[in-house]
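Engineer: This is target.cif (mmCIF, N, CA and C atoms).
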data_protein
loop_
_atom_site.label_atom_id
_atom_site.label_comp_id
_atom_site.auth_asym_id
_atom_site.auth_seq_id
_atom_site.Cartn_x
_atom_site.Cartn_y
_atom_site.Cartn_z
N MET A 489 -5.06 -62.89 27.53
CA MET A 489 -3.87 -62.65 28.30
C MET A 489 -3.48 -61.17 28.18
N THR A 490 -3.14 -60.55 29.29
CA THR A 490 -2.77 -59.14 29.26
C THR A 490 -1.29 -58.98 28.98
N LYS A 491 -0.95 -57.84 28.44
CA LYS A 491 0.44 -57.53 28.12
C LYS A 491 1.22 -57.28 29.41
N SER A 492 2.41 -57.83 29.50
CA SER A 492 3.23 -57.64 30.69
C SER A 492 3.81 -56.21 30.73
N THR A 493 4.19 -55.79 31.90
CA THR A 493 4.80 -54.45 32.03
C THR A 493 6.16 -54.40 31.35
N LYS A 494 6.88 -55.53 31.34
CA LYS A 494 8.19 -55.55 30.68
C LYS A 494 8.03 -55.40 29.16
N LEU A 495 7.06 -56.12 28.60
CA LEU A 495 6.80 -56.00 27.16
C LEU A 495 6.34 -54.59 26.83
N ALA A 496 5.48 -54.03 27.65
CA ALA A 496 5.00 -52.66 27.42
C ALA A 496 6.16 -51.67 27.47
N LEU A 497 7.11 -51.86 28.40
CA LEU A 497 8.25 -50.95 28.47
C LEU A 497 9.12 -51.07 27.22
N CYS A 498 9.35 -52.28 26.73
CA CYS A 498 10.13 -52.46 25.50
C CYS A 498 9.44 -51.78 24.32
N GLU A 499 8.13 -51.97 24.21
CA GLU A 499 7.38 -51.31 23.13
C GLU A 499 7.47 -49.79 23.25
N THR A 500 7.38 -49.28 24.47
CA THR A 500 7.50 -47.84 24.70
C THR A 500 8.88 -47.35 24.30
N TRP A 501 9.93 -48.10 24.65
CA TRP A 501 11.30 -47.74 24.29
C TRP A 501 11.43 -47.64 22.77
N PHE A 502 11.01 -48.67 22.05
CA PHE A 502 11.13 -48.66 20.59
C PHE A 502 10.29 -47.54 19.98
N ASP A 503 9.10 -47.31 20.52
CA ASP A 503 8.23 -46.26 19.99
C ASP A 503 8.81 -44.87 20.23
N ARG A 504 9.13 -44.59 21.47
CA ARG A 504 9.58 -43.23 21.80
C ARG A 504 10.99 -42.94 21.29
N VAL A 505 11.94 -43.82 21.54
CA VAL A 505 13.34 -43.55 21.17
C VAL A 505 13.52 -43.62 19.67
N TRP A 506 13.04 -44.67 19.03
CA TRP A 506 13.35 -44.88 17.62
C TRP A 506 12.27 -44.33 16.68
N ARG A 507 11.01 -44.66 16.91
CA ARG A 507 9.98 -44.20 15.97
C ARG A 507 9.73 -42.70 16.10
N LYS A 508 9.58 -42.21 17.32
CA LYS A 508 9.28 -40.79 17.53
C LYS A 508 10.52 -39.92 17.69
N ARG A 509 11.70 -40.55 17.73
CA ARG A 509 12.98 -39.83 17.86
C ARG A 509 12.97 -38.91 19.09
N ASP A 510 12.43 -39.42 20.19
CA ASP A 510 12.34 -38.70 21.45
C ASP A 510 13.58 -39.01 22.27
N VAL A 511 14.62 -38.20 22.13
CA VAL A 511 15.89 -38.45 22.83
C VAL A 511 15.69 -38.40 24.34
N GLY A 512 14.74 -37.62 24.82
CA GLY A 512 14.45 -37.55 26.24
C GLY A 512 13.99 -38.88 26.82
N ALA A 513 13.44 -39.75 25.97
CA ALA A 513 12.99 -41.07 26.43
C ALA A 513 14.17 -41.91 26.91
N ILE A 514 15.35 -41.64 26.39
CA ILE A 514 16.54 -42.37 26.86
C ILE A 514 16.73 -42.12 28.35
N ASP A 515 16.61 -40.87 28.76
CA ASP A 515 16.74 -40.55 30.19
C ASP A 515 15.56 -41.07 30.99
N ASP A 516 14.37 -41.09 30.40
CA ASP A 516 13.18 -41.55 31.10
C ASP A 516 13.17 -43.06 31.34
N LEU A 517 13.76 -43.83 30.41
CA LEU A 517 13.60 -45.29 30.44
C LEU A 517 14.88 -46.07 30.71
N LEU A 518 16.04 -45.45 30.49
CA LEU A 518 17.32 -46.13 30.68
C LEU A 518 17.96 -45.63 31.96
N ASP A 519 18.16 -46.52 32.92
CA ASP A 519 18.75 -46.15 34.19
C ASP A 519 20.12 -45.49 33.97
N THR A 520 20.45 -44.53 34.82
CA THR A 520 21.71 -43.79 34.66
C THR A 520 22.94 -44.69 34.79
N LYS A 521 22.79 -45.83 35.44
CA LYS A 521 23.91 -46.78 35.59
C LYS A 521 23.74 -48.01 34.69
N ALA A 522 22.80 -47.95 33.77
CA ALA A 522 22.52 -49.10 32.90
C ALA A 522 23.72 -49.39 32.00
N LEU A 523 23.86 -50.65 31.64
CA LEU A 523 24.88 -51.07 30.69
C LEU A 523 24.19 -51.73 29.50
N THR A 524 24.59 -51.33 28.30
CA THR A 524 24.08 -51.95 27.09
C THR A 524 25.25 -52.62 26.38
N HIS A 525 25.01 -53.79 25.85
CA HIS A 525 26.03 -54.60 25.21
C HIS A 525 25.64 -54.85 23.75
N GLY A 526 26.66 -55.00 22.88
CA GLY A 526 26.42 -55.46 21.53
C GLY A 526 26.09 -54.40 20.49
N LEU A 527 26.32 -53.13 20.81
CA LEU A 527 25.96 -52.07 19.85
C LEU A 527 27.15 -51.30 19.31
N GLY A 528 28.33 -51.80 19.52
CA GLY A 528 29.47 -51.07 19.00
C GLY A 528 30.76 -51.78 19.34
N ALA A 529 31.85 -51.07 19.12
CA ALA A 529 33.17 -51.65 19.36
C ALA A 529 33.44 -51.86 20.84
N GLN A 530 32.80 -51.07 21.69
CA GLN A 530 32.98 -51.23 23.12
C GLN A 530 32.26 -52.50 23.60
N ALA A 531 32.82 -53.13 24.63
CA ALA A 531 32.17 -54.32 25.19
C ALA A 531 30.80 -53.94 25.74
N CYS A 532 30.71 -52.80 26.38
CA CYS A 532 29.42 -52.32 26.86
C CYS A 532 29.47 -50.81 26.95
N MET A 533 28.31 -50.21 27.00
CA MET A 533 28.23 -48.75 27.05
C MET A 533 27.15 -48.32 28.02
N GLY A 534 27.36 -47.16 28.60
CA GLY A 534 26.36 -46.56 29.47
C GLY A 534 25.45 -45.65 28.67
N PRO A 535 24.59 -44.91 29.34
CA PRO A 535 23.63 -44.04 28.65
C PRO A 535 24.26 -43.01 27.72
N GLU A 536 25.37 -42.39 28.12
CA GLU A 536 26.00 -41.38 27.25
C GLU A 536 26.51 -41.99 25.96
N GLU A 537 27.16 -43.15 26.06
CA GLU A 537 27.66 -43.83 24.87
C GLU A 537 26.50 -44.33 24.01
N PHE A 538 25.43 -44.79 24.66
CA PHE A 538 24.25 -45.20 23.89
C PHE A 538 23.69 -44.02 23.11
N ARG A 539 23.64 -42.87 23.76
CA ARG A 539 23.11 -41.66 23.10
C ARG A 539 23.95 -41.34 21.85
N ALA A 540 25.27 -41.48 21.94
CA ALA A 540 26.13 -41.24 20.77
C ALA A 540 25.85 -42.27 19.67
N PHE A 541 25.68 -43.54 20.05
CA PHE A 541 25.32 -44.58 19.09
C PHE A 541 23.99 -44.24 18.41
N TYR A 542 23.02 -43.84 19.21
CA TYR A 542 21.69 -43.48 18.71
C TYR A 542 21.78 -42.37 17.65
N HIS A 543 22.54 -41.32 17.96
CA HIS A 543 22.66 -40.20 17.01
C HIS A 543 23.38 -40.63 15.73
N ALA A 544 24.42 -41.44 15.87
CA ALA A 544 25.15 -41.91 14.68
C ALA A 544 24.25 -42.75 13.78
N LEU A 545 23.50 -43.68 14.37
CA LEU A 545 22.60 -44.51 13.57
C LEU A 545 21.46 -43.68 12.98
N SER A 546 20.98 -42.71 13.74
CA SER A 546 19.89 -41.85 13.24
C SER A 546 20.34 -40.99 12.06
N ASN A 547 21.64 -40.77 11.93
CA ASN A 547 22.14 -40.03 10.76
C ASN A 547 22.09 -40.88 9.50
N LEU A 548 22.02 -42.21 9.66
CA LEU A 548 21.99 -43.11 8.51
C LEU A 548 20.57 -43.45 8.06
N VAL A 549 19.64 -43.57 9.03
CA VAL A 549 18.29 -44.02 8.70
C VAL A 549 17.24 -43.11 9.32
N SER A 550 16.07 -43.12 8.70
CA SER A 550 14.93 -42.35 9.22
C SER A 550 13.70 -43.26 9.22
N ASP A 551 12.60 -42.73 9.71
CA ASP A 551 11.32 -43.47 9.71
C ASP A 551 11.47 -44.87 10.28
N VAL A 552 12.16 -44.97 11.39
CA VAL A 552 12.41 -46.27 12.02
C VAL A 552 11.13 -46.79 12.67
N ASP A 553 10.81 -48.04 12.39
CA ASP A 553 9.68 -48.71 13.02
C ASP A 553 10.16 -50.09 13.44
N ILE A 554 10.04 -50.38 14.72
CA ILE A 554 10.49 -51.66 15.25
C ILE A 554 9.28 -52.43 15.75
N THR A 555 9.13 -53.64 15.21
CA THR A 555 8.04 -54.52 15.61
C THR A 555 8.60 -55.65 16.46
N ILE A 556 7.98 -55.89 17.59
CA ILE A 556 8.36 -57.04 18.41
C ILE A 556 7.57 -58.24 17.89
N ASP A 557 8.31 -59.20 17.33
CA ASP A 557 7.67 -60.38 16.73
C ASP A 557 7.41 -61.48 17.76
N LYS A 558 8.30 -61.65 18.70
CA LYS A 558 8.18 -62.66 19.75
C LYS A 558 8.82 -62.12 21.02
N SER A 559 8.33 -62.59 22.16
CA SER A 559 8.95 -62.22 23.43
C SER A 559 8.86 -63.37 24.41
N VAL A 560 9.87 -63.46 25.27
CA VAL A 560 9.93 -64.47 26.32
C VAL A 560 10.42 -63.78 27.58
N GLU A 561 9.78 -64.08 28.71
CA GLU A 561 10.15 -63.44 29.96
C GLU A 561 10.52 -64.47 31.02
N THR A 562 11.47 -64.07 31.85
CA THR A 562 11.82 -64.86 33.04
C THR A 562 12.39 -63.90 34.07
N GLY A 563 11.82 -63.89 35.24
CA GLY A 563 12.27 -63.00 36.30
C GLY A 563 12.24 -61.54 35.86
N ASP A 564 13.37 -60.85 36.06
CA ASP A 564 13.48 -59.44 35.68
C ASP A 564 13.82 -59.25 34.19
N TRP A 565 13.96 -60.34 33.46
CA TRP A 565 14.42 -60.30 32.08
C TRP A 565 13.29 -60.51 31.08
N ILE A 566 13.44 -59.84 29.93
CA ILE A 566 12.59 -60.10 28.77
C ILE A 566 13.50 -60.18 27.55
N SER A 567 13.22 -61.12 26.68
CA SER A 567 13.93 -61.24 25.41
C SER A 567 12.94 -60.96 24.30
N VAL A 568 13.30 -60.06 23.40
CA VAL A 568 12.41 -59.72 22.29
C VAL A 568 13.12 -59.94 20.96
N LEU A 569 12.40 -60.60 20.05
CA LEU A 569 12.86 -60.79 18.68
C LEU A 569 12.13 -59.74 17.85
N CYS A 570 12.89 -58.95 17.09
CA CYS A 570 12.32 -57.77 16.42
C CYS A 570 12.59 -57.74 14.93
N THR A 571 11.73 -57.04 14.23
CA THR A 571 11.97 -56.64 12.85
C THR A 571 12.06 -55.12 12.83
N VAL A 572 13.14 -54.63 12.23
CA VAL A 572 13.37 -53.18 12.14
C VAL A 572 13.18 -52.77 10.68
N ARG A 573 12.30 -51.80 10.47
CA ARG A 573 12.08 -51.24 9.14
C ARG A 573 12.41 -49.76 9.21
N ALA A 574 13.16 -49.29 8.22
CA ALA A 574 13.56 -47.88 8.20
C ALA A 574 13.78 -47.47 6.75
N LYS A 575 14.21 -46.23 6.57
CA LYS A 575 14.56 -45.73 5.24
C LYS A 575 15.95 -45.11 5.31
N ARG A 576 16.69 -45.29 4.23
CA ARG A 576 17.99 -44.63 4.13
C ARG A 576 17.76 -43.13 4.11
N ARG A 577 18.55 -42.41 4.85
CA ARG A 577 18.41 -40.94 4.87
C ARG A 577 18.80 -40.32 3.53
N ASP A 578 19.76 -40.92 2.84
CA ASP A 578 20.26 -40.29 1.62
C ASP A 578 19.35 -40.46 0.42
N ASN A 579 18.57 -41.56 0.36
CA ASN A 579 17.75 -41.75 -0.83
C ASN A 579 16.36 -42.35 -0.56
N GLY A 580 16.03 -42.61 0.69
CA GLY A 580 14.71 -43.11 1.03
C GLY A 580 14.47 -44.58 0.77
N GLU A 581 15.47 -45.31 0.29
CA GLU A 581 15.30 -46.74 0.04
C GLU A 581 15.07 -47.48 1.35
N PRO A 582 14.33 -48.58 1.30
CA PRO A 582 14.03 -49.31 2.53
C PRO A 582 15.24 -50.04 3.11
N VAL A 583 15.25 -50.11 4.42
CA VAL A 583 16.23 -50.89 5.18
C VAL A 583 15.41 -51.79 6.09
N VAL A 584 15.63 -53.10 5.98
CA VAL A 584 14.90 -54.05 6.83
C VAL A 584 15.91 -55.04 7.40
N ILE A 585 15.93 -55.14 8.72
CA ILE A 585 16.80 -56.10 9.40
C ILE A 585 16.02 -56.74 10.54
N THR A 586 16.62 -57.76 11.13
CA THR A 586 16.07 -58.36 12.32
C THR A 586 17.08 -58.21 13.45
N GLY A 587 16.60 -58.44 14.65
CA GLY A 587 17.48 -58.37 15.80
C GLY A 587 16.80 -58.91 17.03
N GLN A 588 17.59 -58.98 18.09
CA GLN A 588 17.09 -59.48 19.35
C GLN A 588 17.72 -58.69 20.47
N ALA A 589 16.95 -58.45 21.51
CA ALA A 589 17.46 -57.79 22.71
C ALA A 589 17.00 -58.56 23.93
N MET A 590 17.92 -58.75 24.86
CA MET A 590 17.59 -59.29 26.18
C MET A 590 17.74 -58.13 27.15
N VAL A 591 16.67 -57.81 27.85
CA VAL A 591 16.61 -56.60 28.65
C VAL A 591 16.25 -56.94 30.09
N ARG A 592 17.03 -56.40 31.03
CA ARG A 592 16.70 -56.55 32.45
C ARG A 592 16.03 -55.26 32.91
N ILE A 593 14.84 -55.42 33.46
CA ILE A 593 14.04 -54.28 33.88
C ILE A 593 13.78 -54.37 35.37
N GLU A 594 14.08 -53.29 36.06
CA GLU A 594 13.80 -53.19 37.50
C GLU A 594 13.20 -51.83 37.78
N ASP A 595 12.16 -51.81 38.57
CA ASP A 595 11.52 -50.55 38.97
C ASP A 595 11.13 -49.69 37.77
N GLY A 596 10.68 -50.33 36.70
CA GLY A 596 10.22 -49.61 35.52
C GLY A 596 11.31 -48.97 34.68
N MET A 597 12.56 -49.38 34.91
CA MET A 597 13.70 -48.82 34.15
C MET A 597 14.51 -49.95 33.54
N ILE A 598 15.12 -49.67 32.39
CA ILE A 598 16.04 -50.62 31.77
C ILE A 598 17.36 -50.51 32.54
N ARG A 599 17.80 -51.64 33.10
CA ARG A 599 19.04 -51.66 33.89
C ARG A 599 20.20 -52.29 33.12
N GLU A 600 19.86 -53.15 32.16
CA GLU A 600 20.89 -53.84 31.39
C GLU A 600 20.25 -54.36 30.11
N ALA A 601 21.03 -54.37 29.02
CA ALA A 601 20.50 -54.89 27.76
C ALA A 601 21.62 -55.52 26.94
N TYR A 602 21.32 -56.68 26.39
CA TYR A 602 22.22 -57.36 25.45
C TYR A 602 21.53 -57.31 24.10
N ASN A 603 22.16 -56.64 23.14
CA ASN A 603 21.57 -56.40 21.83
C ASN A 603 22.31 -57.18 20.75
N HIS A 604 21.54 -57.77 19.87
CA HIS A 604 22.10 -58.49 18.73
C HIS A 604 21.25 -58.14 17.51
N PHE A 605 21.59 -57.01 16.90
CA PHE A 605 20.88 -56.55 15.71
C PHE A 605 21.82 -56.65 14.52
N ASP A 606 21.28 -56.84 13.34
CA ASP A 606 22.06 -57.02 12.12
C ASP A 606 22.61 -55.68 11.64
N LEU A 607 23.61 -55.18 12.36
CA LEU A 607 24.19 -53.89 11.99
C LEU A 607 24.92 -53.97 10.65
N MET A 608 25.51 -55.11 10.35
CA MET A 608 26.13 -55.28 9.03
C MET A 608 25.08 -55.14 7.93
N GLY A 609 23.88 -55.64 8.19
CA GLY A 609 22.78 -55.49 7.24
C GLY A 609 22.38 -54.04 7.04
N ILE A 610 22.40 -53.26 8.12
CA ILE A 610 22.09 -51.82 7.99
C ILE A 610 23.15 -51.14 7.15
N PHE A 611 24.43 -51.42 7.46
CA PHE A 611 25.51 -50.76 6.72
C PHE A 611 25.51 -51.17 5.25
N THR A 612 25.16 -52.42 4.96
CA THR A 612 25.06 -52.87 3.58
C THR A 612 23.89 -52.18 2.88
N ALA A 613 22.73 -52.16 3.54
CA ALA A 613 21.54 -51.53 2.94
C ALA A 613 21.75 -50.04 2.73
N CYS A 614 22.59 -49.41 3.55
CA CYS A 614 22.85 -47.98 3.41
C CYS A 614 23.98 -47.69 2.42
N GLY A 615 24.50 -48.72 1.77
CA GLY A 615 25.52 -48.53 0.75
C GLY A 615 26.92 -48.30 1.31
N LEU A 616 27.12 -48.58 2.59
CA LEU A 616 28.43 -48.39 3.21
C LEU A 616 29.33 -49.62 3.05
N LEU A 617 28.73 -50.75 2.74
CA LEU A 617 29.44 -51.99 2.47
C LEU A 617 28.92 -52.55 1.15
N PRO A 618 29.76 -53.28 0.41
CA PRO A 618 29.27 -53.90 -0.82
C PRO A 618 28.14 -54.88 -0.52
N SER A 619 27.24 -55.05 -1.46
CA SER A 619 26.07 -55.90 -1.26
C SER A 619 26.46 -57.36 -1.01
N ASP A 620 27.65 -57.77 -1.42
CA ASP A 620 28.08 -59.16 -1.22
C ASP A 620 29.09 -59.28 -0.07
N SER A 621 29.08 -58.34 0.85
CA SER A 621 30.05 -58.35 1.96
C SER A 621 29.96 -59.63 2.79
N PHE A 622 28.76 -60.05 3.09
CA PHE A 622 28.58 -61.25 3.91
C PHE A 622 29.21 -62.46 3.22
N GLU A 623 28.92 -62.61 1.93
CA GLU A 623 29.45 -63.74 1.18
C GLU A 623 30.97 -63.67 1.09
N ARG A 624 31.51 -62.46 0.88
CA ARG A 624 32.96 -62.29 0.83
C ARG A 624 33.61 -62.72 2.14
N CYS A 625 33.02 -62.30 3.24
CA CYS A 625 33.56 -62.67 4.55
C CYS A 625 33.50 -64.18 4.76
N LEU A 626 32.40 -64.82 4.35
CA LEU A 626 32.31 -66.28 4.46
C LEU A 626 33.38 -66.99 3.64
N ASP A 627 33.77 -66.39 2.52
CA ASP A 627 34.81 -66.97 1.68
C ASP A 627 36.22 -66.61 2.17
N GLY A 628 36.29 -65.85 3.27
CA GLY A 628 37.60 -65.46 3.81
C GLY A 628 38.22 -64.27 3.12
N GLN A 629 37.42 -63.56 2.31
CA GLN A 629 37.94 -62.38 1.61
C GLN A 629 37.75 -61.14 2.47
N LYS A 630 38.66 -60.21 2.34
CA LYS A 630 38.50 -58.93 3.01
C LYS A 630 37.52 -58.07 2.21
N VAL A 631 36.75 -57.30 2.93
CA VAL A 631 35.83 -56.37 2.28
C VAL A 631 36.58 -55.07 2.11
N ALA A 632 36.72 -54.65 0.86
CA ALA A 632 37.48 -53.43 0.59
C ALA A 632 36.56 -52.35 0.06
#
Any chance you could give the structure as structure tokens?

Structural biologist:
Amino acid sequence: MTKSTKLALCETWFDRVWRKRDVGAIDDLLDTKALTHGLGAQACMGPEEFRAFYHALSNLVSDVDITIDKSVETGDWISVLCTVRAKRRDNGEPVVITGQAMVRIEDGMIREAYNHFDLMGIFTACGLLPSDSFERCLDGQKVA
């Protein structure tokens, strides 16, 4: 079975934007009117807001490698289940999380994306949250 063009575009996005830190790939692959969901306090963000998110996260981690573990396609959409491996910028310790993205692709461009990545896991692994933050939240405690 050959690789689909949607899967190839997702792999290219993860490779160029995150692994190679090619900021120009954002303009090459993300439509100027694209909306991305699930990556911040905003309900959705366009390319400029995504670029700000990208730079903020890149300040926390380096050597990002994203593996697509599973993918499912229907129509213009592809859903990818991923494992993200990176290193903390401050001390080089490993950061490993999982996530999922549902991406609508038209004319070889990302037009819309719904992202669900373990950002709390990144912040915990980077020492920005206590290691037991998840458990505290489940117990109804505030994380201080």

Engineer: Point out the residue among A:Phe611, A:Trp501, A:Phe541, A:Phe605 with the least atom-to-atom distance to A:Leu517, counting all atoms listed in the file.

Structural biologist: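 So, comparing all the options, the nearest one is A:Trp501.
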
Engineer: Which one of A:Gly587, A:Glu561, A:Val552, A:Ala632 sits closest to A:Arg573 if you count only N, CA and C atoms?

Structural biologist: A:Val552

Engineer: Box for stretch 521-534 of chain A: with edges along x, y and z, all listed atoms inside and 4 Å added on each side, what are the centre and edge lengths in Å to one decimal, as AutoDock Vina command-line options?

Structural biologist:
--center_x 28.0 --center_y -50.6 --center_z 27.3 --size_x 18.9 --size_y 17.8 --size_z 24.6

Engineer: Got a sec: who's within 9 Å of A:Met608, counting only C-alpha atoms, leaving out chain neighbours fewer than 5 positions off, as number ranges by chain?

Structural biologist: A: 613, 617, 621-622

Engineer: Expressed in Å to a single decimal, how great is the separation between atom CA of A:Arg507 and atom CA of A:Asp564?

Structural biologist: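 Atom-to-atom, atom CA of A:Arg507 to atom CA of A:Asp564, that is 25.2 Å.
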
Engineer: Nearest residue to A:Met590 out of A:His604, A:Lys630, A:Arg577, A:Lys558, using all atoms listed in the file?

Structural biologist: A:His604

Engineer: Which distance in Å separates atom CA of A:Thr520 and atom CA of A:Asn547, to one decimal?

Structural biologist: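 Going from atom CA of A:Thr520 over to atom CA of A:Asn547 covers 24.2 Å.
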
Engineer: Taking 6 positions as the minimum chain separation for residues in the same chain, which residues sit within 12 Å of A:Cys498 when counting only C-alpha atoms? Answer as a ChimeraX atom specification.

Structural biologist: /A:491-492,504-506,513,517-518,554-556,558-559,561,565-570,588-593,596-598,601

Engineer: Between A:Gly615, A:Asp553, A:Asn603, A:Asp515, which one has atoms that come closest to A:Glu581, using only C-alpha atoms?

Structural biologist: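 Residue with the minimum atom-to-atom distance to A:Glu581: A:Gly615.
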
Engineer: Could you please determine the separation between atom CA of A:Ala544 and atom C of A:Gly580 in Å, to one decimal place?

Structural biologist: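 Taking atom CA of A:Ala544 as the start and atom C of A:Gly580 as the end point, the length is 17.7 Å.
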
Engineer: With distances taken over only C-alpha atoms, which residue among A:Leu607, A:Ser619, A:Thr562, A:Leu545 lies nearest A:Lys494?

Structural biologist: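 Ranked by minimum distance to A:Lys494, first place goes to A:Thr562.
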
Engineer: Taking the file as shown, find all residues satisfying the PyMOL selection byres ((chain A and resi 585) around 5) and write them as a list in words.

Structural biologist: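 When the PyMOL selection byres ((chain A and resi 585) around 5) is applied to the shown file, the picked residues are Thr571, Val572, Val583, Val584, Thr586 and Gly587 of chain A.
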
Engineer: Pick from A:Arg539, A:Arg599, A:Lys508, A:Arg576: nearest to A:Leu523, with only C-alpha atoms counted?

Structural biologist: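 Closest to A:Leu523, using only C-alpha atoms: A:Arg599.
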